[in-house]
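*Asks:* Can you read through this structure? Questions will come right after.
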Amino acid sequence: MALPPARVIYSTLFFVLTMLLIIVARPKGLFEPSGRAKEFGTGGGGGDQQGRTVFPIGVVVVLVAVLSLYTFAMIDLVFN
């Protein structure tokens with residue numbers, strides 16, 4: 001069984017470490033003070049809008065995954 005390309009291994013490690021950093025740091029924009037992830041939503045309308053964000057954790061996970069793979073693919077393309 002062959003190993004995957006180095007860029008896949010590096011991007012996976014980068015993704016896992018980045019997500020661990022986000023979960024441990026719990027930034028205010030993604031998490032409520034109680035530690036729960038904020039819901040998706042904007043500030044319009046009445047009611048409780050403080051617990052909502054335009055970038056919920058699910059969107060951040062997808063963005064970090066795509067950016068890590070793209071970054072290491074470009075590094076591989078430039079240096080090989």
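Chain labels follow the order of the structure tokens: the first chain is A, the next B, and so on; residue numbering restarts at 1 in every chain, and ligands are counted from 1 in their shown order.
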Pull the alpha helix (DSSP H) assignments for chain A out of DSSP run on the backbone, and list those residues as a VMD selection string.

*Replies:* chain A and resid 6 to 25 57 to 79

*Asks:* Would you save the residues of that selection, restricted to C-alpha atoms, as a PDB file, in the first residue's frame?

*Replies:*
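Output (selection.pdb):
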```
ATOM      1  CA  ALA A   6       3.331  14.539   1.094  1.00  0.00           C
ATOM      2  CA  ARG A   7       1.063  17.533   0.484  1.00  0.00           C
ATOM      3  CA  VAL A   8      -1.958  15.508   1.637  1.00  0.00           C
ATOM      4  CA  ILE A   9      -0.188  14.417   4.818  1.00  0.00           C
ATOM      5  CA  TYR A  10       1.062  17.933   5.582  1.00  0.00           C
ATOM      6  CA  SER A  11      -2.284  19.577   4.853  1.00  0.00           C
ATOM      7  CA  THR A  12      -4.088  17.028   7.050  1.00  0.00           C
ATOM      8  CA  LEU A  13      -1.691  17.652   9.936  1.00  0.00           C
ATOM      9  CA  PHE A  14      -2.024  21.406   9.465  1.00  0.00           C
ATOM     10  CA  PHE A  15      -5.825  21.103   9.430  1.00  0.00           C
ATOM     11  CA  VAL A  16      -5.942  19.003  12.600  1.00  0.00           C
ATOM     12  CA  LEU A  17      -3.543  21.298  14.471  1.00  0.00           C
ATOM     13  CA  THR A  18      -5.427  24.424  13.345  1.00  0.00           C
ATOM     14  CA  MET A  19      -8.769  22.981  14.437  1.00  0.00           C
ATOM     15  CA  LEU A  20      -7.292  21.960  17.810  1.00  0.00           C
ATOM     16  CA  LEU A  21      -5.999  25.510  18.247  1.00  0.00           C
ATOM     17  CA  ILE A  22      -9.422  26.975  17.434  1.00  0.00           C
ATOM     18  CA  ILE A  23     -11.227  24.600  19.789  1.00  0.00           C
ATOM     19  CA  VAL A  24      -8.790  25.212  22.651  1.00  0.00           C
ATOM     20  CA  ALA A  25      -8.663  29.013  22.153  1.00  0.00           C
ATOM     21  CA  ILE A  57     -17.820  26.535  13.295  1.00  0.00           C
ATOM     22  CA  GLY A  58     -19.027  24.416  10.356  1.00  0.00           C
ATOM     23  CA  VAL A  59     -18.109  27.132   7.864  1.00  0.00           C
ATOM     24  CA  VAL A  60     -14.724  27.601   9.538  1.00  0.00           C
ATOM     25  CA  VAL A  61     -14.016  23.854   9.323  1.00  0.00           C
ATOM     26  CA  VAL A  62     -14.707  23.807   5.584  1.00  0.00           C
ATOM     27  CA  LEU A  63     -12.681  26.977   4.939  1.00  0.00           C
ATOM     28  CA  VAL A  64      -9.668  25.731   6.914  1.00  0.00           C
ATOM     29  CA  ALA A  65      -9.792  22.364   5.113  1.00  0.00           C
ATOM     30  CA  VAL A  66      -9.934  23.925   1.639  1.00  0.00           C
ATOM     31  CA  LEU A  67      -7.293  26.544   2.403  1.00  0.00           C
ATOM     32  CA  SER A  68      -4.874  24.032   3.930  1.00  0.00           C
ATOM     33  CA  LEU A  69      -5.102  21.667   0.963  1.00  0.00           C
ATOM     34  CA  TYR A  70      -4.822  24.551  -1.525  1.00  0.00           C
ATOM     35  CA  THR A  71      -1.849  26.079   0.312  1.00  0.00           C
ATOM     36  CA  PHE A  72       0.154  22.860   0.408  1.00  0.00           C
ATOM     37  CA  ALA A  73      -0.758  22.080  -3.219  1.00  0.00           C
ATOM     38  CA  MET A  74       0.603  25.479  -4.262  1.00  0.00           C
ATOM     39  CA  ILE A  75       3.763  24.955  -2.191  1.00  0.00           C
ATOM     40  CA  ASP A  76       4.218  21.573  -3.869  1.00  0.00           C
ATOM     41  CA  LEU A  77       3.646  23.129  -7.304  1.00  0.00           C
ATOM     42  CA  VAL A  78       6.129  25.980  -6.739  1.00  0.00           C
ATOM     43  CA  PHE A  79       8.957  23.908  -5.260  1.00  0.00           C
TER      44      PHE A  79
END
```

*Asks:* Write out as a list in words the residues lying within 9 Å of A:Glu32, counting only C-alpha atoms and excluding same-chain residues fewer than 4 positions away.

*Replies:* Arg26, Pro27, Lys28, Arg36, Ala37, Lys38, Gln50, Gly51 and Arg52 of chain A

*Asks:* Write the selection just made, keeping N, CA and C atoms, as a PDB file, in the first residue's frame?

*Replies:*
```pdb
ATOM      1  N   ARG A  26     -11.073  28.913  21.713  1.00  0.00           N
ATOM      2  CA  ARG A  26     -12.479  29.327  21.771  1.00  0.00           C
ATOM      3  C   ARG A  26     -12.645  30.830  21.534  1.00  0.00           C
ATOM      4  N   PRO A  27     -12.379  31.304  20.301  1.00  0.00           N
ATOM      5  CA  PRO A  27     -12.523  32.735  20.017  1.00  0.00           C
ATOM      6  C   PRO A  27     -13.967  33.204  20.190  1.00  0.00           C
ATOM      7  N   LYS A  28     -14.126  34.464  20.630  1.00  0.00           N
ATOM      8  CA  LYS A  28     -15.448  35.014  20.919  1.00  0.00           C
ATOM      9  C   LYS A  28     -16.354  35.043  19.695  1.00  0.00           C
ATOM     10  N   ARG A  36     -20.333  26.970  24.244  1.00  0.00           N
ATOM     11  CA  ARG A  36     -21.065  26.380  23.114  1.00  0.00           C
ATOM     12  C   ARG A  36     -20.773  27.149  21.834  1.00  0.00           C
ATOM     13  N   ALA A  37     -20.867  26.461  20.711  1.00  0.00           N
ATOM     14  CA  ALA A  37     -20.665  27.108  19.418  1.00  0.00           C
ATOM     15  C   ALA A  37     -21.856  28.006  19.118  1.00  0.00           C
ATOM     16  N   LYS A  38     -21.577  29.176  18.522  1.00  0.00           N
ATOM     17  CA  LYS A  38     -22.646  30.097  18.164  1.00  0.00           C
ATOM     18  C   LYS A  38     -23.425  29.577  16.963  1.00  0.00           C
ATOM     19  N   GLN A  50     -27.362  38.087  19.982  1.00  0.00           N
ATOM     20  CA  GLN A  50     -25.983  38.068  20.465  1.00  0.00           C
ATOM     21  C   GLN A  50     -25.330  36.707  20.301  1.00  0.00           C
ATOM     22  N   GLY A  51     -26.097  35.632  20.302  1.00  0.00           N
ATOM     23  CA  GLY A  51     -25.545  34.296  20.204  1.00  0.00           C
ATOM     24  C   GLY A  51     -25.448  33.782  18.783  1.00  0.00           C
ATOM     25  N   ARG A  52     -25.401  34.687  17.812  1.00  0.00           N
ATOM     26  CA  ARG A  52     -25.350  34.280  16.410  1.00  0.00           C
ATOM     27  C   ARG A  52     -24.125  34.879  15.721  1.00  0.00           C
TER      28      ARG A  52
END
```

*Asks:* Give the strand (DSSP E) residues of chain A, as assigned by DSSP on the backbone, as a PyMOL selection string.

*Replies:* chain A and resi 39-40+52-53

*Asks:* Would you write out those residues with N, CA and C atoms, as a short mmCIF file (atom, residue, chain, number, x, y, z; two decimals), in the first residue's frame?

*Replies:*
```cif
data_model
loop_
_atom_site.label_atom_id
_atom_site.label_comp_id
_atom_site.auth_asym_id
_atom_site.auth_seq_id
_atom_site.Cartn_x
_atom_site.Cartn_y
_atom_site.Cartn_z
N GLU A 39 -24.70 29.95 16.89
CA GLU A 39 -25.54 29.59 15.76
C GLU A 39 -25.28 30.53 14.60
N PHE A 40 -25.70 30.08 13.40
CA PHE A 40 -25.59 30.92 12.22
C PHE A 40 -26.71 31.94 12.23
N ARG A 52 -25.40 34.69 17.81
CA ARG A 52 -25.35 34.28 16.41
C ARG A 52 -24.12 34.88 15.72
N THR A 53 -23.68 34.22 14.67
CA THR A 53 -22.52 34.67 13.92
C THR A 53 -22.68 34.31 12.44
#
```
